[in-house]
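> This one is data_35.txt, compact mmCIF, N, CA, C and O atoms.
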```txt
# COMPACT_ATOMS: atom_id res chain seq x y z
N MET U 1 -183.64 129.14 275.75
CA MET U 1 -183.39 128.62 274.42
C MET U 1 -182.64 129.62 273.56
O MET U 1 -181.87 129.24 272.72
N GLU U 2 -182.92 130.90 273.77
CA GLU U 2 -182.26 131.92 272.96
C GLU U 2 -180.76 131.97 273.26
O GLU U 2 -179.96 132.20 272.36
N ALA U 3 -180.38 131.74 274.52
CA ALA U 3 -178.96 131.73 274.87
C ALA U 3 -178.23 130.57 274.19
O ALA U 3 -177.10 130.73 273.72
N LEU U 4 -178.89 129.41 274.13
CA LEU U 4 -178.30 128.26 273.46
C LEU U 4 -178.10 128.53 271.98
O LEU U 4 -177.07 128.17 271.39
N ARG U 5 -179.07 129.19 271.37
CA ARG U 5 -178.96 129.52 269.95
C ARG U 5 -177.80 130.49 269.70
O ARG U 5 -177.08 130.36 268.71
N ILE U 6 -177.58 131.43 270.60
CA ILE U 6 -176.46 132.37 270.47
C ILE U 6 -175.13 131.64 270.60
O ILE U 6 -174.20 131.87 269.83
N VAL U 7 -175.05 130.71 271.56
CA VAL U 7 -173.82 129.93 271.75
C VAL U 7 -173.52 129.09 270.52
O VAL U 7 -172.37 129.04 270.05
N VAL U 8 -174.53 128.44 269.97
CA VAL U 8 -174.33 127.61 268.77
C VAL U 8 -173.94 128.47 267.58
O VAL U 8 -173.09 128.09 266.78
N THR U 9 -174.52 129.66 267.47
CA THR U 9 -174.17 130.56 266.37
C THR U 9 -172.72 131.04 266.49
O THR U 9 -172.00 131.10 265.49
N VAL U 10 -172.28 131.36 267.69
CA VAL U 10 -170.89 131.77 267.89
C VAL U 10 -169.95 130.61 267.56
O VAL U 10 -168.92 130.80 266.89
N LEU U 11 -170.29 129.42 267.99
CA LEU U 11 -169.50 128.23 267.66
C LEU U 11 -169.44 128.02 266.15
O LEU U 11 -168.38 127.69 265.59
N TYR U 12 -170.54 128.25 265.48
CA TYR U 12 -170.63 128.12 264.02
C TYR U 12 -169.68 129.10 263.33
O TYR U 12 -168.96 128.73 262.40
N VAL U 13 -169.66 130.33 263.79
CA VAL U 13 -168.78 131.34 263.20
C VAL U 13 -167.31 130.98 263.42
O VAL U 13 -166.48 131.09 262.51
N VAL U 14 -166.98 130.49 264.61
CA VAL U 14 -165.61 130.08 264.90
C VAL U 14 -165.20 128.92 263.99
O VAL U 14 -164.09 128.90 263.45
N ILE U 15 -166.09 127.95 263.80
CA ILE U 15 -165.79 126.82 262.93
C ILE U 15 -165.62 127.29 261.49
O ILE U 15 -164.72 126.82 260.77
N CYS U 16 -166.44 128.23 261.05
CA CYS U 16 -166.32 128.76 259.69
C CYS U 16 -164.96 129.41 259.47
O CYS U 16 -164.30 129.17 258.46
N ILE U 17 -164.54 130.23 260.41
CA ILE U 17 -163.24 130.91 260.29
C ILE U 17 -162.10 129.90 260.33
O ILE U 17 -161.14 129.98 259.55
N ALA U 18 -162.20 128.91 261.22
CA ALA U 18 -161.15 127.88 261.31
C ALA U 18 -161.09 127.05 260.03
O ALA U 18 -159.99 126.72 259.56
N LEU U 19 -162.23 126.74 259.45
CA LEU U 19 -162.26 125.96 258.22
C LEU U 19 -161.59 126.71 257.08
O LEU U 19 -160.80 126.14 256.33
N VAL U 20 -161.88 127.99 256.97
CA VAL U 20 -161.25 128.80 255.92
C VAL U 20 -159.73 128.85 256.14
O VAL U 20 -158.95 128.69 255.19
N ALA U 21 -159.31 129.05 257.37
CA ALA U 21 -157.87 129.14 257.67
C ALA U 21 -157.15 127.83 257.35
O ALA U 21 -156.07 127.83 256.76
N VAL U 22 -157.75 126.71 257.71
CA VAL U 22 -157.12 125.41 257.47
C VAL U 22 -157.03 125.11 255.98
O VAL U 22 -156.02 124.60 255.49
N VAL U 23 -158.07 125.44 255.23
CA VAL U 23 -158.05 125.20 253.78
C VAL U 23 -156.99 126.07 253.12
O VAL U 23 -156.28 125.62 252.22
N ILE U 24 -156.86 127.30 253.55
CA ILE U 24 -155.85 128.19 252.97
C ILE U 24 -154.44 127.70 253.29
O ILE U 24 -153.52 127.84 252.48
N MET U 25 -154.23 127.08 254.44
CA MET U 25 -152.91 126.61 254.83
C MET U 25 -152.46 125.38 254.04
O MET U 25 -151.27 125.07 254.00
N GLN U 26 -153.39 124.66 253.42
CA GLN U 26 -153.03 123.44 252.69
C GLN U 26 -152.32 123.76 251.39
O GLN U 26 -152.52 124.80 250.78
N GLU U 27 -151.49 122.80 250.96
CA GLU U 27 -150.80 122.93 249.69
C GLU U 27 -151.76 122.59 248.56
O GLU U 27 -152.75 121.90 248.75
N GLY U 28 -151.43 123.03 247.36
CA GLY U 28 -152.24 122.71 246.20
C GLY U 28 -152.14 121.24 245.83
O GLY U 28 -151.15 120.57 246.14
N LYS U 29 -153.13 120.73 245.17
CA LYS U 29 -153.16 119.32 244.79
C LYS U 29 -152.56 119.07 243.41
O LYS U 29 -152.50 117.94 242.96
N SER U 30 -152.13 120.11 242.72
CA SER U 30 -151.57 119.90 241.39
C SER U 30 -150.24 119.19 241.51
O SER U 30 -149.37 119.57 242.28
N ALA U 31 -150.07 118.14 240.74
CA ALA U 31 -148.87 117.33 240.82
C ALA U 31 -147.69 118.05 240.16
O ALA U 31 -146.56 117.93 240.60
N GLY U 32 -147.94 118.80 239.10
CA GLY U 32 -146.87 119.52 238.43
C GLY U 32 -145.82 118.57 237.89
O GLY U 32 -146.10 117.46 237.45
N LEU U 33 -144.57 118.98 237.94
CA LEU U 33 -143.47 118.16 237.44
C LEU U 33 -143.07 117.08 238.43
O LEU U 33 -142.31 116.19 238.09
N GLY U 34 -143.56 117.16 239.65
CA GLY U 34 -143.22 116.15 240.65
C GLY U 34 -143.71 114.77 240.28
O GLY U 34 -143.06 113.77 240.56
N ALA U 35 -144.86 114.68 239.62
CA ALA U 35 -145.40 113.38 239.23
C ALA U 35 -144.58 112.76 238.10
O ALA U 35 -144.46 111.54 238.02
N ILE U 36 -144.01 113.59 237.26
CA ILE U 36 -143.21 113.08 236.16
C ILE U 36 -141.90 112.48 236.67
O ILE U 36 -141.47 111.42 236.23
N SER U 37 -141.28 113.16 237.62
CA SER U 37 -139.98 112.70 238.12
C SER U 37 -140.09 111.70 239.27
O SER U 37 -139.09 111.26 239.80
N GLY U 38 -141.28 111.36 239.69
CA GLY U 38 -141.46 110.37 240.75
C GLY U 38 -141.43 110.96 242.14
O GLY U 38 -141.17 110.25 243.10
N MET U 39 -141.69 112.22 242.30
CA MET U 39 -141.67 112.85 243.62
C MET U 39 -142.76 112.30 244.54
O MET U 39 -142.63 112.35 245.74
N ALA U 40 -143.81 111.75 243.97
CA ALA U 40 -144.90 111.23 244.80
C ALA U 40 -144.47 109.98 245.56
O ALA U 40 -145.10 109.60 246.54
N GLU U 41 -143.41 109.33 245.12
CA GLU U 41 -142.96 108.09 245.76
C GLU U 41 -141.87 108.34 246.80
O GLU U 41 -141.19 107.42 247.21
N THR U 42 -141.68 109.55 247.23
CA THR U 42 -140.70 109.85 248.26
C THR U 42 -141.25 109.46 249.62
O THR U 42 -142.40 109.06 249.76
N TYR U 43 -140.42 109.62 250.61
CA TYR U 43 -140.84 109.31 251.98
C TYR U 43 -142.06 110.11 252.39
O TYR U 43 -143.00 109.59 252.97
N TRP U 44 -142.06 111.41 252.07
CA TRP U 44 -143.18 112.27 252.46
C TRP U 44 -144.43 111.93 251.68
O TRP U 44 -145.54 112.11 252.17
N GLY U 45 -144.29 111.46 250.44
CA GLY U 45 -145.45 111.07 249.67
C GLY U 45 -146.12 109.82 250.22
O GLY U 45 -147.33 109.69 250.23
N LYS U 46 -145.30 108.89 250.71
CA LYS U 46 -145.84 107.63 251.25
C LYS U 46 -146.41 107.80 252.65
O LYS U 46 -147.36 107.12 253.02
N ASN U 47 -145.84 108.69 253.44
CA ASN U 47 -146.25 108.86 254.83
C ASN U 47 -146.99 110.18 255.03
O ASN U 47 -146.76 110.89 256.00
N LYS U 48 -147.87 110.49 254.12
CA LYS U 48 -148.57 111.77 254.16
C LYS U 48 -149.46 111.90 255.40
O LYS U 48 -149.66 112.98 255.91
N GLY U 49 -149.99 110.81 255.88
CA GLY U 49 -150.87 110.86 257.04
C GLY U 49 -150.18 111.33 258.30
O GLY U 49 -150.81 111.85 259.20
N ARG U 50 -148.87 111.14 258.37
CA ARG U 50 -148.11 111.55 259.55
C ARG U 50 -147.56 112.97 259.43
O ARG U 50 -147.04 113.50 260.38
N SER U 51 -147.64 113.53 258.25
CA SER U 51 -147.08 114.86 258.02
C SER U 51 -148.07 115.94 258.43
O SER U 51 -149.22 115.68 258.77
N ILE U 52 -147.61 117.17 258.36
CA ILE U 52 -148.48 118.31 258.68
C ILE U 52 -149.63 118.37 257.67
O ILE U 52 -150.77 118.67 258.04
N GLU U 53 -149.33 118.08 256.41
CA GLU U 53 -150.37 118.11 255.38
C GLU U 53 -151.46 117.08 255.68
O GLU U 53 -152.65 117.35 255.50
N GLY U 54 -151.07 115.91 256.15
CA GLY U 54 -152.05 114.89 256.51
C GLY U 54 -152.93 115.33 257.67
O GLY U 54 -154.13 115.07 257.70
N LYS U 55 -152.31 115.99 258.65
CA LYS U 55 -153.08 116.50 259.80
C LYS U 55 -154.05 117.60 259.37
O LYS U 55 -155.17 117.66 259.85
N LEU U 56 -153.60 118.46 258.44
CA LEU U 56 -154.49 119.51 257.95
C LEU U 56 -155.69 118.93 257.22
O LEU U 56 -156.80 119.44 257.34
N GLU U 57 -155.47 117.86 256.46
CA GLU U 57 -156.59 117.21 255.77
C GLU U 57 -157.58 116.62 256.77
O GLU U 57 -158.79 116.73 256.59
N LEU U 58 -157.07 116.00 257.82
CA LEU U 58 -157.94 115.43 258.84
C LEU U 58 -158.74 116.52 259.56
O LEU U 58 -159.95 116.38 259.77
N ILE U 59 -158.07 117.61 259.91
CA ILE U 59 -158.75 118.72 260.57
C ILE U 59 -159.82 119.31 259.64
O ILE U 59 -160.91 119.67 260.09
N THR U 60 -159.52 119.38 258.34
CA THR U 60 -160.49 119.90 257.38
C THR U 60 -161.74 119.02 257.35
O THR U 60 -162.86 119.53 257.33
N LYS U 61 -161.55 117.72 257.35
CA LYS U 61 -162.70 116.80 257.32
C LYS U 61 -163.55 116.94 258.58
O LYS U 61 -164.78 116.96 258.50
N ILE U 62 -162.90 117.06 259.73
CA ILE U 62 -163.63 117.20 260.99
C ILE U 62 -164.40 118.51 261.02
O ILE U 62 -165.59 118.55 261.38
N LEU U 63 -163.73 119.61 260.64
CA LEU U 63 -164.40 120.91 260.65
C LEU U 63 -165.55 120.96 259.64
O LEU U 63 -166.59 121.56 259.91
N ALA U 64 -165.38 120.31 258.48
CA ALA U 64 -166.45 120.29 257.49
C ALA U 64 -167.67 119.53 258.02
O ALA U 64 -168.81 119.95 257.82
N ALA U 65 -167.42 118.42 258.71
CA ALA U 65 -168.53 117.66 259.28
C ALA U 65 -169.25 118.48 260.35
O ALA U 65 -170.49 118.51 260.39
N LEU U 66 -168.49 119.16 261.21
CA LEU U 66 -169.11 120.01 262.23
C LEU U 66 -169.88 121.15 261.59
O LEU U 66 -170.97 121.52 262.06
N PHE U 67 -169.34 121.72 260.52
CA PHE U 67 -170.02 122.80 259.79
C PHE U 67 -171.39 122.34 259.30
O PHE U 67 -172.39 123.04 259.46
N ILE U 68 -171.44 121.15 258.71
CA ILE U 68 -172.70 120.63 258.18
C ILE U 68 -173.69 120.35 259.30
O ILE U 68 -174.87 120.71 259.22
N VAL U 69 -173.22 119.72 260.37
CA VAL U 69 -174.11 119.38 261.48
C VAL U 69 -174.68 120.63 262.14
O VAL U 69 -175.89 120.73 262.38
N ILE U 70 -173.84 121.60 262.38
CA ILE U 70 -174.32 122.83 263.03
C ILE U 70 -175.21 123.62 262.08
O ILE U 70 -176.17 124.28 262.53
N SER U 71 -174.95 123.56 260.79
CA SER U 71 -175.84 124.22 259.82
C SER U 71 -177.25 123.63 259.91
O SER U 71 -178.24 124.37 259.89
N VAL U 72 -177.34 122.32 260.01
CA VAL U 72 -178.65 121.67 260.12
C VAL U 72 -179.32 122.05 261.43
O VAL U 72 -180.51 122.35 261.48
N VAL U 73 -178.54 122.05 262.51
CA VAL U 73 -179.10 122.39 263.83
C VAL U 73 -179.63 123.82 263.86
O VAL U 73 -180.71 124.09 264.39
N LEU U 74 -178.88 124.74 263.25
CA LEU U 74 -179.33 126.14 263.26
C LEU U 74 -180.56 126.36 262.39
O LEU U 74 -181.30 127.32 262.62
N ASN U 75 -180.79 125.51 261.42
CA ASN U 75 -181.95 125.68 260.55
C ASN U 75 -183.20 124.98 261.07
O ASN U 75 -184.27 125.10 260.48
N MET U 76 -183.09 124.26 262.18
CA MET U 76 -184.26 123.64 262.78
C MET U 76 -185.05 124.69 263.54
O MET U 76 -184.49 125.66 264.04
N GLU U 77 -186.34 124.50 263.65
CA GLU U 77 -187.17 125.41 264.43
C GLU U 77 -186.96 125.11 265.91
O GLU U 77 -187.04 123.97 266.35
N TRP U 78 -186.72 126.12 266.69
CA TRP U 78 -186.50 125.98 268.12
C TRP U 78 -187.75 126.35 268.84
O TRP U 78 -188.35 127.22 268.93
```
Represent the structure of the file as structure tokens.

Amino acid sequence: MEALRIVVTVLYVVICIALVAVVIMQEGKSAGLGAISGMAETYWGKNKGRSIEGKLELITKILAALFIVISVVLNMEW
């Protein structure tokens, strides 16, 4: 059981580091002057899910869910 706990803890640390890296790689959400001039209605604004930014958001959601699940698992009594 102790070996499994070590493996889960190492996985937890890797997920934590990956989550921080992915969040730092994302662009800011402030619209700035782009919202005034209609930049949100460009091709990249409409197809955000297919862009790199869309993929980063999806990866962030997945890593956050794994972070929460593993946090609960590590806090259970073994």
> How many Å lie between atom N of Ile62 in chain U and atom C of Leu4 in chain U, rounded to one decimal?
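Interatomic distance, atom N of Ile62 in chain U to atom C of Leu4 in chain U: 22.6 Å.
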> In Å, rounded to a single decimal, give me how far atom O of Val22 in chain U is from CA of Leu56 in chain U.
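One can read the CA of Leu56 in chain U to atom O of Val22 in chain U distance as 5.9 Å.
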> Quick one: of U:Val7, U:Ile15, U:Met76, U:Ile24, who's nearest to Leu63 in chain U, counting all atoms listed in the file?
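Once distances to Leu63 in chain U are computed over all atoms listed in the file, the minimum belongs to U:Ile15.
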> Report as an MDAnalysis selection string all protein, DNA and RNA residues lying within 8 Å of Ser71 in chain U, evaluated on all atoms listed in the file, omitting residues in the same chain fewer than 5 positions from it.
chainID U and resid 8 12 64:66 76
> Ranking U:Arg5, U:Gly54, U:Ile68, U:Thr60 by minimum distance to Ala18 in chain U and counting all atoms listed in the file, which one comes first?
U:Thr60
> How big is the axis-aligned box, and where does its centre sit, when it encloses all atoms of range 25-29 of chain U listed in the file and has 5 Å added on every side, reported in Å to one decimal as JSON?

```
{"center_x": -152.5, "center_y": 122.5, "center_z": 248.9, "size_x": 13.4, "size_y": 19.1, "size_z": 21.9}
```
> At what distance in Å, to one decimal, does atom C of Leu74 in chain U lie from atom N of Thr9 in chain U?
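That distance, rounded to one decimal, is 8.6 Å.
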